[in-house]
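Novice: Encoded as C-alpha cells, here's the structure I'll be asking about.
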Amino acid sequence: MIMDLLSSTKKYLHETLERELGKRSINNTPVPPSILDNLRFEIRPYQKEAFQRFILCESDSFVGKPQNPLHLLYNMATGSGKTMIMAGLILHLFQKGHRNFLFFVNSNNIIRKTKDNFLNPQASKYLFNDKIVIDGKEVLIKEVDNLEEADEENINIKFTTIQQLHIDLNKTKENSLTYEDFVDKKLVLIADEAHHMVAGTKSGKLFGSWESTVKKIHESNFENILLEFTATIDTETATLLEHYRDKVIFKYDLAQFRLNGYSKEINLIRSFYDEQDRIIQALILNLYRQELATSHNINLKPVILFKAKRTIKESERNKDNFHQLIDNFSVSMVEKIQKTSTVPVVQKAFRFFEAKEISFYEIVKRIQANFRFENCLSANNDKEAEKNQLLLNTLEDEKNPIRAIFAVQKLNEGWDVLNLFDIVRLYEGQNSGGSSKGMSNTTISEAQLIGRGARYYPFVLEEGQDKYTRKFGDDFDNDLKILEELYYHTKEDSRYISELKLALVKTGICEDESNLVTKELKLKEDFKQTDFYKKGHVFFNKKIPKSYNNVKSFSDLGVKKTNFRHALSSGVGRVTNAFFEIEATASNEEVLKSQGVPLVKIPNHIIRFALSKHPFYRFDRLVRYFPNLKSISEFIESEKYLACLEITFSGTANRVKEISHFDYLQALSGLLQTLEEDIKSNLTKYEGSGYTSAQIRHVFKDKVVRVPRGKERDKGQEKLLASKSWYVYNANYGTSEEKKFIELFVRVFDDFKQELKLKDIYIIRNERVIKIIDKSGRAFEPDFLMFCVKEKKKRDQLLQTKQTTYQVFIEPKGNHLLAHDKWKDNFLTEIRNERKTIKIYTDTYLITAVPFYNYDNENNFKEKLEDTFNE
C-alpha cells in the first residue's frame with residue numbers, strides 16, 4: 001500500500017533514466033573495453049544493461065539526474081552476479097581516474113569470499129583476467145590497509161566490515177583509517193548487502209549509526225561515489241522507499257531472474273514420511289541426479305542441505321543421526337521407499353536404476369560412499385562457517401568432497417552455491433514468531449534460503465547451448481529437467497505449505513500457481529494420419545562456434561575503411577575581451593589546414609611501437625580473428641589490413657608541414673583504439689550453422705503449456721480452429737497479435753489455395769520447439785511455421801511437373817516490440833532473400849520467410865506472403 005502510494009507520485013531513478021533517455025539509448029550505450037576485456041567471465045544481457053545504465057547516468061544530463069557526490073544502488077537478485085558488476089565498475093572507474101576503493105559489508109564471511117574473488121587468481125570464482133590492461137598499461141589490484149599505502153598506477157582496495165569501519169573511524173588508533181584520510185583523496189565506496197546499512201534512516205536515528213559513518217566519508221569529497229548492492233529493499237517502510245527513490249539505478253529482482261531462466265525451478269516434496277524416510281528419499285534423488293548427469297556426460301556432484309529449526313544443538317543431533325543412518329543404511333530401507341513413495345520423480349528414479357542395472361545393494365553402497373563422515377560439513381556458528389568458508393564457497397569444484405551440509409541460519413546471506421539440489425527440513429509443524437502479511441519471519445527466512453539454493457547449475461548438452469540458463473522449462477517429460485530443479489523436502493502440513501508458498505511467491509522465487517492455468521496442446525488426429533506428418537521434414541539450424549577461417553582482410557570481418565582524424569597541437573592563440581570581441585583577420589598561422597597521410601608513409605618502427613602499446617594487437621590475439629595472417633609485418637604492410645588506412649592530420653600550415661614522430665605515435669594510438677573497437681563490434685562467439693532437418697513427427701508433439709489465468713493467452717481460439725484442418729493443433733494459446741494473424745489466415749486460406757495453386761497447407765504453432773540462429777549467434781523461435789506444396793510445370797517437358805514443399809517462418813509482432821526485435825525482422829528478410837533449396841531423396845524443400853506480421857500493417861504482410869509463392 002505504501003509502495004503503491006509513493007510510486008504513483010514519484011519514480012525510481014531506473015524509471016527516470018528510461019523515461020528521460022529511452023530504453024533504446026540504454027541498449028545502444030557501448031560497454032567500454034576496460035570492462036569487457038578484463039573480466040574473466042562473459043557478461044550476461046542484464047549485466048550489460050547494469051553497466052550501460054551507470055555509464056549513461058555518469059555521462060549524460062537529464063532531468064532527475066543525481067547530484068554529486070554520486071550515490072547509487074543496484075537492487076539485484078541473489079545469484080545474479082552483483083560482485084561481477086562491482087568488478088566491472090571498478091575497472092571502468094579506474095579508467096575514469098579513480099584509484100581508491102573501499103569495500104565494506106556486515107559479514108567477515110563475505111569479506112573472505114570477496115577477497116578471493118578480487119585478489120586470488122587461482123580461485124575458481126576469480127573475476128578478472130590473468131592480466132588487467134587499461135589504456136595500454138597493465139594494472140594491478142592491491143589490497144591496502146589504509147589510503148597512505150595507495151599508489152596512482154593501480155587499483156587500491158581496502159576491505160573491511162561496516163562494524164570495523166565504524167569502530168576504526170570513531171575510536172581512532174594507530175595505523176587505522178581516520179576521517180582525515182578521505183578529505184584529499186577521491187574514493188569509491190562499495191557497500192555489499194547494503195540493506196544492513198540503513199538502520200539509521202529506518203529508525204530516524206542517524207546520529208552515531210553505521211550509516212552516519214558511511215555518509216560522512218561519502219560527503220567528504222565532491223568526487224566520491226557510493227555504490228550500494230543488495231537483493232533486498234524494504235518496501236514496507238516509507239522513509240526507506242523515499243531514501244532509495246533517487247538512487248536505485250538498476251532493478252533486477254528474483255522474479256525476473258527466474259523468468260529469464262537463470263535459476264532452478266522450485267518443487268516442494270511433501271510426504272507423510274517420518275524424518276528418517278524423508279532423508280532417505282532425498283538421498284535416492286541425490287544419487288539419481290548424479291547418475292543421470294553422468295550418463296549424459298555432465299560432471300555433477302549434487303549437494304543436500306539439512307536444515308535444523310532453531311539451535312545448533314538440534315543441528316548437531318541431526319548430523320549425528322545422519323551418520324548413524326549412513327552407517328546402518330540397508331537394502332530394506334531403499335525397498336521401503338520404492339514400494340511406498342507416490343512421488344512421480346522418485347518412481348522415475350527407480351525405473352532409471354533398473355534400466356541401468358543399478359541394484360538396491362549398489363544404491364546402498366554408492367550412497368554410503370558419497371556421504372562418508374568426511375564428506376559432511378557443519379556450518380552452524382560463525383567459527384565453523386569461517387573455518388569452512390573455502391569449502392562452502394567452492395562446493396561445485398571437482399576436488400571439493402562435500403556432499404551434505406548441516407545448518408541452522410548461517411548460510412542465509414553471502415553463500416554462493418550452484419550444485420545444491422535438495423533441502424531437507426528436519427522439523428515439523430508451522431513456524432511461529434514475528435510475522436509479516438500472514439507469514440512468520442522463520443518461514444520468510446526459509447524461503448530466502450531456498451532462493452539461495454535456486455542458483456542454476458550450468459551445463460551444456462550440445463555445442464552452442466547457453467550453459468547458464470534452463471533448457472527444459474516447458475518440457476515436463478524430459479528426464480533431465482530434474483537437473484534444473486531444487487527440491488524442498490518437508491512433512492505434509494497444509495497450513496505450513498500454504499504459508500511457505502506465499503513466502504516463495506512474495507520473494508519472487510516461485511510463480512503464484514493461482515495465476516497460472518495448464519493447457520493441453522494436442523495434434524489433431526486427422527493431421528497425424530497425413531503423409532506430411534508421417535514423412536515430412538522441418539528445417540532449422542544450430543548454434544556453432546564462429547569460424548574466422550575465411551577472414552582474410554578487414555573488409556571480410558565487416559570493418560569499414562574510414563580515415564582517422566587527428567588534430568595537431570600548436571601554441572597559436574589570441575586574447576579577446578571578456579564581453580565583446582572585435583573581429584580580427586586571422587593570420588596565416590591561425591588558418592587550419594589538413595593533410596592525409598597513408599599509413600604506408602609512416603615509418604614502420606613507429607607503427608610497430610604503437611602496436612606494442614596495445615595488447616589487442618599482439619600477434620597471438622590477432623590470428624584468432626585473422627587466422628590467415630602470417631606475421632605482424634603483413635598486418636602493417638598489406639593493403640588488406642593497416643596499409644589500406646589513412647590518417648588525416650589537421651592543424652596550422654606550419655604544424656602540418658612539420659609532423660613529428662611523436663605526432664604520428666599519438667595519431668596511431670587513437671586510430672588503433674578506434675580500429676580495435678570496430679573489430680570487436682564485428683566479433684561474435686557463435687554463428688548459425690547450415691540447415692539440418694528432422695522428421696515432423698519427431699519434433700511436433702502433444703504438449704502441456706502454462707499460461708497466465710484470465711489473460712489473452714488463456715484464450716485458445718478453439719472454436720475457430722476446430723474445423724480448420726490446416727491448423728495442426730487443437731488451439732492457439734498465443735498473444736493477441738498471433739491470434740490476429742490466424743484470423744487473417746482464416747480469411748485468405750481459400751484464395752491462397754485456389755489462386756496460388758497451393759495444396760497440403762499447414763500452419764504449425766512453434767511452442768519453443770524450433771530455433772533458428774542468425775550469423776551473430778542469436779537464437780530466434782518464430783511463432784509459426786507454414787508448410788505447403790506448389791507444383792510447377794517443367795519447361796523442357798510440359799507434361800511433367802516439379803513439386804516443391806515450402807517451409808515459411810512467420811513471426812507476428814506487436815507495435816511495442818517492433819523496434820526492440822528489429823534484428824529478428826532483418827533475419828527473416830535474409831532467409832527470404834536466400835530462398836534456400838534442399839533436396840531429401842526425391843523431395844524438394846524451399847526454406848523462406850516473411851517479414852513481421854503486424855495488425856496495423858496487415859495488408860502489406862498479406863502481399864508479402866502472396867509474393868513468397870510467386871517468386
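So you can find residues: chains in the C-alpha cells are A, B, ... in the order shown, residues in each start at 1, and ligands are numbered from 1 in order.
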So which bits of region 414-555 of chain A end up alpha helix (DSSP H) when you DSSP the backbone, as number ranges by chain?
Specialist: A: 441-453, 494-507, 525-528, 531-535
Novice: Excluding Ser725 (chain A) and its own-chain neighbours fewer than 2 positions away, which residues fall within 9 Å of it when counting only C-alpha atoms? Please give them as a list in words.
Specialist: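 That gives Lys524, Asp526, Phe527, Leu721, Ala722, Ser723, Tyr727, Val728, Ile761 and Tyr762 of chain A.
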Novice: At what distance in Å, to one decimal, does CA of Leu56 (chain A) lie from CA of Phe616 (chain A)?
Specialist: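 These atoms are spaced 25.9 Å apart.
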Novice: Determine, using only C-alpha atoms, which residues of region 101-150 of chain A have any atom at most 9 Å from an atom of region 158-165 of chain A, and tabulate each with its shortest atom pair and distance in Å to one decimal place, rows ordered by chain and then rising number, as a tab-separated table.
Specialist:
```
residue	atom	partner	partner_atom	distance
A:Phe101	CA	A:Lys158	CA	6.4
A:Leu102	CA	A:Lys158	CA	4.9
A:Phe103	CA	A:Phe159	CA	4.9
A:Phe104	CA	A:Thr160	CA	5.0
A:Val105	CA	A:Thr161	CA	4.9
A:Asn106	CA	A:Thr161	CA	5.2
A:Ser107	CA	A:Thr161	CA	6.2
A:Asn108	CA	A:Thr161	CA	6.6
A:Ile111	CA	A:Phe159	CA	6.8
A:Thr114	CA	A:Phe159	CA	8.7
A:Lys115	CA	A:Phe159	CA	7.7
A:Lys142	CA	A:Lys158	CA	8.6
A:Glu143	CA	A:Lys158	CA	5.8
A:Val144	CA	A:Lys158	CA	5.1
A:Asp145	CA	A:Lys158	CA	5.9
A:Asn146	CA	A:Lys158	CA	6.8
A:Leu147	CA	A:Lys158	CA	8.0
```
Novice: Could you tell me how far CA of Gln465 (chain A) lies from CA of Asp774 (chain A), in Å and to one decimal?
Specialist: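 CA of Asp774 (chain A) lies at a distance of 14.2 Å from CA of Gln465 (chain A).
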Novice: Once DSSP has gone over the backbone, tell me which residues of region 194-380 of chain A are in strand (DSSP E), as a list in words.
Specialist: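 Secondary structure check on region 194-380 of chain A, strand (DSSP E): Ile225, Leu226, Leu227, Glu228, Phe229, Thr230, Val248, Ile249, Phe250, Lys251, Tyr252, Glu265, Ile266, Asn267, Leu268, Ile269, Arg270, Ser271, Val303, Ile304, Leu305, Phe306, Lys307, Cys376, Leu377 and Ser378 of chain A.
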Novice: Write out the residues from the selection above, keeping N, CA, C and O atoms, as a compact mmCIF listing (two decimals), in the first residue's frame.
Specialist:
```txt
# COMPACT_ATOMS: atom_id res chain seq x y z
N ILE A 225 32.10 8.52 -4.84
CA ILE A 225 30.95 7.75 -5.35
C ILE A 225 30.63 6.66 -4.33
O ILE A 225 31.53 5.95 -3.87
N LEU A 226 29.36 6.52 -4.00
CA LEU A 226 28.90 5.44 -3.13
C LEU A 226 28.01 4.50 -3.96
O LEU A 226 26.99 4.92 -4.49
N LEU A 227 28.45 3.25 -4.08
CA LEU A 227 27.70 2.23 -4.82
C LEU A 227 27.22 1.17 -3.85
O LEU A 227 28.03 0.51 -3.19
N GLU A 228 25.91 1.01 -3.77
CA GLU A 228 25.33 0.01 -2.86
C GLU A 228 24.74 -1.14 -3.68
O GLU A 228 24.22 -0.93 -4.77
N PHE A 229 24.84 -2.33 -3.10
CA PHE A 229 24.34 -3.54 -3.76
C PHE A 229 23.53 -4.34 -2.76
O PHE A 229 24.00 -4.61 -1.65
N THR A 230 22.33 -4.74 -3.16
CA THR A 230 21.50 -5.58 -2.29
C THR A 230 20.44 -6.28 -3.12
O THR A 230 20.00 -5.78 -4.16
N VAL A 248 18.19 4.06 -6.87
CA VAL A 248 18.10 2.72 -7.49
C VAL A 248 18.25 2.86 -9.00
O VAL A 248 17.29 3.15 -9.72
N ILE A 249 19.46 2.63 -9.48
CA ILE A 249 19.76 2.82 -10.90
C ILE A 249 19.40 1.58 -11.72
O ILE A 249 19.16 1.65 -12.92
N PHE A 250 19.35 0.42 -11.04
CA PHE A 250 19.07 -0.82 -11.77
C PHE A 250 18.33 -1.77 -10.85
O PHE A 250 18.75 -2.00 -9.71
N LYS A 251 17.21 -2.31 -11.35
CA LYS A 251 16.41 -3.26 -10.58
C LYS A 251 16.27 -4.54 -11.39
O LYS A 251 15.76 -4.52 -12.51
N TYR A 252 16.75 -5.63 -10.82
CA TYR A 252 16.65 -6.94 -11.48
C TYR A 252 16.35 -7.95 -10.39
O TYR A 252 17.25 -8.53 -9.77
N GLU A 265 14.05 -24.23 -11.04
CA GLU A 265 12.66 -24.20 -10.62
C GLU A 265 12.56 -24.84 -9.24
O GLU A 265 13.36 -25.72 -8.89
N ILE A 266 11.59 -24.42 -8.45
CA ILE A 266 11.43 -24.93 -7.08
C ILE A 266 10.26 -25.92 -7.04
O ILE A 266 9.16 -25.62 -7.51
N ASN A 267 10.51 -27.09 -6.44
CA ASN A 267 9.45 -28.06 -6.21
C ASN A 267 9.42 -28.45 -4.74
O ASN A 267 10.49 -28.65 -4.12
N LEU A 268 8.24 -28.53 -4.17
CA LEU A 268 8.09 -28.98 -2.79
C LEU A 268 7.74 -30.46 -2.80
O LEU A 268 6.77 -30.86 -3.45
N ILE A 269 8.52 -31.27 -2.12
CA ILE A 269 8.20 -32.68 -1.96
C ILE A 269 7.62 -32.86 -0.56
O ILE A 269 8.34 -32.79 0.43
N ARG A 270 6.32 -33.04 -0.52
CA ARG A 270 5.60 -33.17 0.76
C ARG A 270 5.20 -34.62 0.93
O ARG A 270 4.69 -35.24 0.01
N SER A 271 5.42 -35.14 2.11
CA SER A 271 5.05 -36.53 2.35
C SER A 271 4.70 -36.72 3.81
O SER A 271 4.99 -35.86 4.65
N VAL A 303 24.55 -31.65 -3.98
CA VAL A 303 24.70 -31.45 -2.53
C VAL A 303 23.32 -31.37 -1.89
O VAL A 303 22.36 -30.84 -2.50
N ILE A 304 23.22 -31.87 -0.65
CA ILE A 304 21.99 -31.77 0.15
C ILE A 304 22.25 -30.88 1.36
O ILE A 304 23.31 -30.99 2.00
N LEU A 305 21.30 -30.02 1.67
CA LEU A 305 21.36 -29.22 2.90
C LEU A 305 20.31 -29.74 3.88
O LEU A 305 19.12 -29.85 3.53
N PHE A 306 20.73 -30.05 5.09
CA PHE A 306 19.82 -30.49 6.13
C PHE A 306 19.62 -29.34 7.11
O PHE A 306 20.55 -28.89 7.77
N LYS A 307 18.38 -28.87 7.19
CA LYS A 307 18.06 -27.64 7.90
C LYS A 307 17.44 -27.93 9.27
O LYS A 307 16.42 -28.60 9.36
N CYS A 376 30.73 -34.66 4.93
CA CYS A 376 29.62 -33.91 5.54
C CYS A 376 30.18 -32.75 6.36
O CYS A 376 31.17 -32.90 7.07
N LEU A 377 29.54 -31.60 6.27
CA LEU A 377 30.07 -30.37 6.85
C LEU A 377 29.03 -29.67 7.70
O LEU A 377 27.87 -29.55 7.29
N SER A 378 29.45 -29.20 8.86
CA SER A 378 28.58 -28.39 9.71
C SER A 378 28.94 -26.93 9.51
O SER A 378 30.11 -26.57 9.48
```
Novice: Quick one: everything within 12 Å of Ile405 (chain A), counting only C-alpha atoms, minus sequence neighbours fewer than 6 positions away in the same chain. Send it as number ranges by chain.
Specialist: A: 302-308, 315-316, 318-319, 322, 371, 373-380, 384-385, 388, 391-392, 395, 411, 417, 420-424
Novice: Take the residues from that selection and put them in a file with C-alpha atoms, as a compact mmCIF listing (two decimals), in the first residue's frame.
Specialist:
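Generated output (part-v1.txt):
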```
# COMPACT_ATOMS: atom_id res chain seq x y z
CA PRO A 302 24.76 -32.75 -6.12
CA VAL A 303 24.70 -31.45 -2.53
CA ILE A 304 21.99 -31.77 0.15
CA LEU A 305 21.36 -29.22 2.90
CA PHE A 306 19.82 -30.49 6.13
CA LYS A 307 18.06 -27.64 7.90
CA ALA A 308 17.55 -27.51 11.67
CA SER A 315 21.68 -29.44 14.07
CA GLU A 316 24.48 -31.34 15.80
CA ASN A 318 20.73 -34.14 13.16
CA LYS A 319 24.29 -34.68 11.95
CA PHE A 322 22.56 -38.85 9.82
CA PHE A 371 28.05 -39.45 2.32
CA PHE A 373 31.71 -38.72 7.54
CA GLU A 374 34.45 -36.60 5.92
CA ASN A 375 32.06 -35.59 3.12
CA CYS A 376 29.62 -33.91 5.54
CA LEU A 377 30.07 -30.37 6.85
CA SER A 378 28.58 -28.39 9.71
CA ALA A 379 28.16 -24.64 9.18
CA ASN A 380 26.26 -23.64 12.27
CA GLU A 384 32.66 -23.13 11.90
CA ALA A 385 31.41 -21.12 8.95
CA ASN A 388 34.97 -23.90 6.33
CA LEU A 391 34.72 -25.46 1.21
CA LEU A 392 31.32 -23.75 1.39
CA LEU A 395 31.11 -26.76 -3.50
CA LEU A 411 24.02 -19.67 5.25
CA VAL A 417 26.33 -22.43 -4.31
CA LEU A 420 22.56 -27.58 -4.09
CA PHE A 421 19.56 -29.60 -5.28
CA ASP A 422 17.82 -30.74 -2.11
CA ILE A 423 16.96 -29.01 1.17
CA VAL A 424 15.54 -31.30 3.84
```
Novice: Using only C-alpha atoms, which residues sit within 12 Å of Arg765 (chain A) once same-chain residues fewer than 6 positions away are excluded, as a compact mmCIF listing (two decimals) with N, CA and C atoms, in the first residue's frame?
Specialist:
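Just written: result.txt:
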```
# COMPACT_ATOMS: atom_id res chain seq x y z
N LEU A 521 -1.94 -28.79 -25.47
CA LEU A 521 -1.88 -28.63 -26.92
C LEU A 521 -1.79 -30.02 -27.53
N LYS A 522 -2.77 -30.36 -28.36
CA LYS A 522 -2.79 -31.70 -28.94
C LYS A 522 -2.84 -31.61 -30.46
N LEU A 523 -2.03 -32.43 -31.09
CA LEU A 523 -2.09 -32.53 -32.54
C LEU A 523 -3.41 -33.19 -32.94
N VAL A 699 9.37 -34.04 -34.02
CA VAL A 699 9.59 -32.69 -33.47
C VAL A 699 8.33 -32.13 -32.84
N PHE A 700 7.24 -32.17 -33.58
CA PHE A 700 6.00 -31.57 -33.09
C PHE A 700 5.11 -32.63 -32.46
N LYS A 701 4.88 -32.47 -31.15
CA LYS A 701 4.15 -33.47 -30.37
C LYS A 701 3.11 -32.78 -29.50
N ASP A 702 2.30 -33.59 -28.87
CA ASP A 702 1.38 -33.05 -27.86
C ASP A 702 2.22 -32.39 -26.76
N LYS A 703 1.69 -31.31 -26.20
CA LYS A 703 2.49 -30.57 -25.24
C LYS A 703 1.60 -29.93 -24.20
N GLY A 716 -7.83 -19.76 -26.45
CA GLY A 716 -7.11 -20.56 -27.44
C GLY A 716 -7.72 -20.63 -28.82
N TRP A 726 -6.06 -27.23 -41.74
CA TRP A 726 -4.70 -26.71 -41.99
C TRP A 726 -3.98 -26.28 -40.71
N TYR A 727 -4.73 -26.07 -39.61
CA TYR A 727 -4.09 -25.73 -38.33
C TYR A 727 -3.94 -27.02 -37.55
N VAL A 728 -2.72 -27.44 -37.27
CA VAL A 728 -2.48 -28.82 -36.85
C VAL A 728 -2.77 -29.08 -35.38
N TYR A 729 -2.74 -28.03 -34.55
CA TYR A 729 -3.03 -28.21 -33.12
C TYR A 729 -4.49 -27.88 -32.82
N ASN A 730 -4.92 -28.25 -31.63
CA ASN A 730 -6.32 -28.02 -31.24
C ASN A 730 -6.58 -26.59 -30.80
N ALA A 731 -5.52 -25.79 -30.53
CA ALA A 731 -5.71 -24.44 -30.01
C ALA A 731 -4.49 -23.58 -30.31
N ASN A 732 -4.66 -22.27 -30.11
CA ASN A 732 -3.58 -21.30 -30.29
C ASN A 732 -3.54 -20.40 -29.05
N TYR A 733 -2.72 -20.78 -28.08
CA TYR A 733 -2.61 -20.00 -26.84
C TYR A 733 -1.53 -18.94 -27.00
N GLY A 734 -1.75 -18.06 -27.96
CA GLY A 734 -0.75 -17.05 -28.27
C GLY A 734 -1.18 -15.67 -27.83
N THR A 735 -0.40 -14.67 -28.23
CA THR A 735 -0.69 -13.27 -27.94
C THR A 735 -1.82 -12.79 -28.84
N GLU A 738 -0.68 -12.73 -32.41
CA GLU A 738 -0.63 -14.07 -33.00
C GLU A 738 -2.03 -14.55 -33.38
N LYS A 739 -3.01 -14.18 -32.58
CA LYS A 739 -4.39 -14.56 -32.91
C LYS A 739 -4.90 -13.78 -34.12
N PHE A 741 -3.11 -12.83 -36.61
CA PHE A 741 -2.53 -13.48 -37.79
C PHE A 741 -3.36 -14.70 -38.20
N ILE A 742 -3.76 -15.50 -37.22
CA ILE A 742 -4.57 -16.69 -37.53
C ILE A 742 -5.90 -16.28 -38.14
N GLU A 781 13.01 -17.97 -32.09
CA GLU A 781 11.98 -19.01 -32.17
C GLU A 781 10.74 -18.43 -32.85
N PRO A 782 10.66 -18.50 -34.18
CA PRO A 782 9.48 -17.96 -34.87
C PRO A 782 8.20 -18.60 -34.35
N ASP A 783 7.14 -17.81 -34.24
CA ASP A 783 5.90 -18.30 -33.63
C ASP A 783 5.18 -19.35 -34.48
N PHE A 784 5.31 -19.23 -35.80
CA PHE A 784 4.59 -20.16 -36.68
C PHE A 784 5.48 -20.63 -37.82
N LEU A 785 5.21 -21.83 -38.27
CA LEU A 785 5.81 -22.34 -39.50
C LEU A 785 4.66 -22.73 -40.43
N MET A 786 4.74 -22.24 -41.64
CA MET A 786 3.75 -22.59 -42.65
C MET A 786 4.40 -23.56 -43.64
N PHE A 787 3.69 -24.63 -43.93
CA PHE A 787 4.15 -25.60 -44.93
C PHE A 787 3.08 -25.69 -46.01
N PHE A 809 8.87 -19.30 -42.36
CA PHE A 809 8.89 -18.82 -40.98
C PHE A 809 8.05 -17.55 -40.88
N ILE A 810 7.17 -17.51 -39.86
CA ILE A 810 6.26 -16.37 -39.68
C ILE A 810 6.30 -15.92 -38.22
N GLU A 811 6.41 -14.62 -38.02
CA GLU A 811 6.50 -14.06 -36.66
C GLU A 811 5.59 -12.84 -36.52
N PRO A 812 4.42 -12.98 -35.88
CA PRO A 812 3.62 -11.80 -35.55
C PRO A 812 4.31 -10.98 -34.46
```
Novice: Which neighbours of region 672-679 of chain A fall inside 10 Å, counting only C-alpha atoms, when residues of the same chain fewer than 5 positions from it are skipped, and could you give them as a tab-separated table (two decimals) with N, CA and C atoms, in the first residue's frame?
Specialist:
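Dumped to out04.tsv:
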```tsv
chain	number	residue	atom	x	y	z
A	30	PRO	N	27.57	1.78	-25.57
A	30	PRO	CA	28.64	0.76	-25.61
A	30	PRO	C	29.26	0.55	-24.24
A	32	PRO	N	32.58	-0.22	-22.39
A	32	PRO	CA	33.97	0.03	-22.81
A	32	PRO	C	34.85	-1.21	-22.68
A	33	PRO	N	35.94	-1.24	-23.48
A	33	PRO	CA	36.89	-2.36	-23.40
A	33	PRO	C	37.50	-2.54	-22.01
A	135	ASP	N	43.94	1.09	-21.18
A	135	ASP	CA	44.63	2.13	-21.95
A	135	ASP	C	46.08	1.75	-22.24
A	136	GLY	N	46.29	0.47	-22.54
A	136	GLY	CA	47.61	0.01	-22.94
A	136	GLY	C	48.57	-0.27	-21.81
A	554	PHE	N	40.35	-6.82	-43.39
A	554	PHE	CA	39.43	-6.05	-42.55
A	554	PHE	C	38.01	-6.11	-43.10
A	557	LEU	N	35.74	-9.00	-42.30
A	557	LEU	CA	35.20	-9.01	-40.95
A	557	LEU	C	34.12	-7.94	-40.76
A	558	GLY	N	33.92	-7.12	-41.80
A	558	GLY	CA	32.92	-6.05	-41.70
A	558	GLY	C	33.47	-4.74	-41.18
A	559	VAL	N	34.80	-4.65	-41.08
A	559	VAL	CA	35.44	-3.40	-40.61
A	559	VAL	C	35.46	-2.41	-41.77
A	560	LYS	N	34.94	-1.23	-41.53
A	560	LYS	CA	34.84	-0.22	-42.58
A	560	LYS	C	36.16	0.53	-42.74
A	561	LYS	N	36.50	0.81	-43.98
A	561	LYS	CA	37.72	1.58	-44.27
A	561	LYS	C	37.40	3.07	-44.12
A	562	THR	N	37.73	3.63	-42.98
A	562	THR	CA	37.46	5.05	-42.73
A	562	THR	C	38.75	5.73	-42.28
A	564	PHE	N	41.08	8.19	-40.16
A	564	PHE	CA	41.09	8.67	-38.79
A	564	PHE	C	41.60	10.10	-38.78
A	607	ILE	N	54.99	2.50	-36.24
A	607	ILE	CA	53.77	1.69	-36.22
A	607	ILE	C	53.95	0.48	-35.29
A	610	ALA	N	53.70	1.61	-31.72
A	610	ALA	CA	52.29	1.90	-31.37
A	610	ALA	C	51.52	0.60	-31.14
A	611	LEU	N	51.75	-0.39	-32.00
A	611	LEU	CA	51.07	-1.68	-31.83
A	611	LEU	C	51.47	-2.34	-30.51
A	613	LYS	N	52.02	-1.06	-27.75
A	613	LYS	CA	51.37	-0.42	-26.59
A	613	LYS	C	49.92	-0.86	-26.43
A	614	HIS	N	49.41	-1.65	-27.39
A	614	HIS	CA	48.02	-2.12	-27.34
A	614	HIS	C	48.02	-3.64	-27.33
A	616	PHE	N	45.81	-5.77	-27.58
A	616	PHE	CA	44.90	-6.39	-28.55
A	616	PHE	C	45.65	-6.78	-29.83
A	617	TYR	N	46.73	-6.03	-30.17
A	617	TYR	CA	47.42	-6.25	-31.43
A	617	TYR	C	48.62	-7.18	-31.30
A	625	TYR	N	41.28	-13.79	-34.94
A	625	TYR	CA	40.24	-13.17	-35.78
A	625	TYR	C	40.67	-13.08	-37.24
A	642	LEU	N	46.38	-2.83	-42.28
A	642	LEU	CA	46.66	-1.43	-41.92
A	642	LEU	C	47.03	-0.56	-43.12
A	667	ALA	N	48.70	9.93	-33.06
A	667	ALA	CA	47.61	9.67	-34.00
A	667	ALA	C	47.38	8.17	-34.17
```
Novice: Pick out the closest residue to Gly451 (chain A) from this set: A:Lys506, A:Lys528, A:Lys839, A:His92. Count only C-alpha atoms.
Specialist: A:Lys506
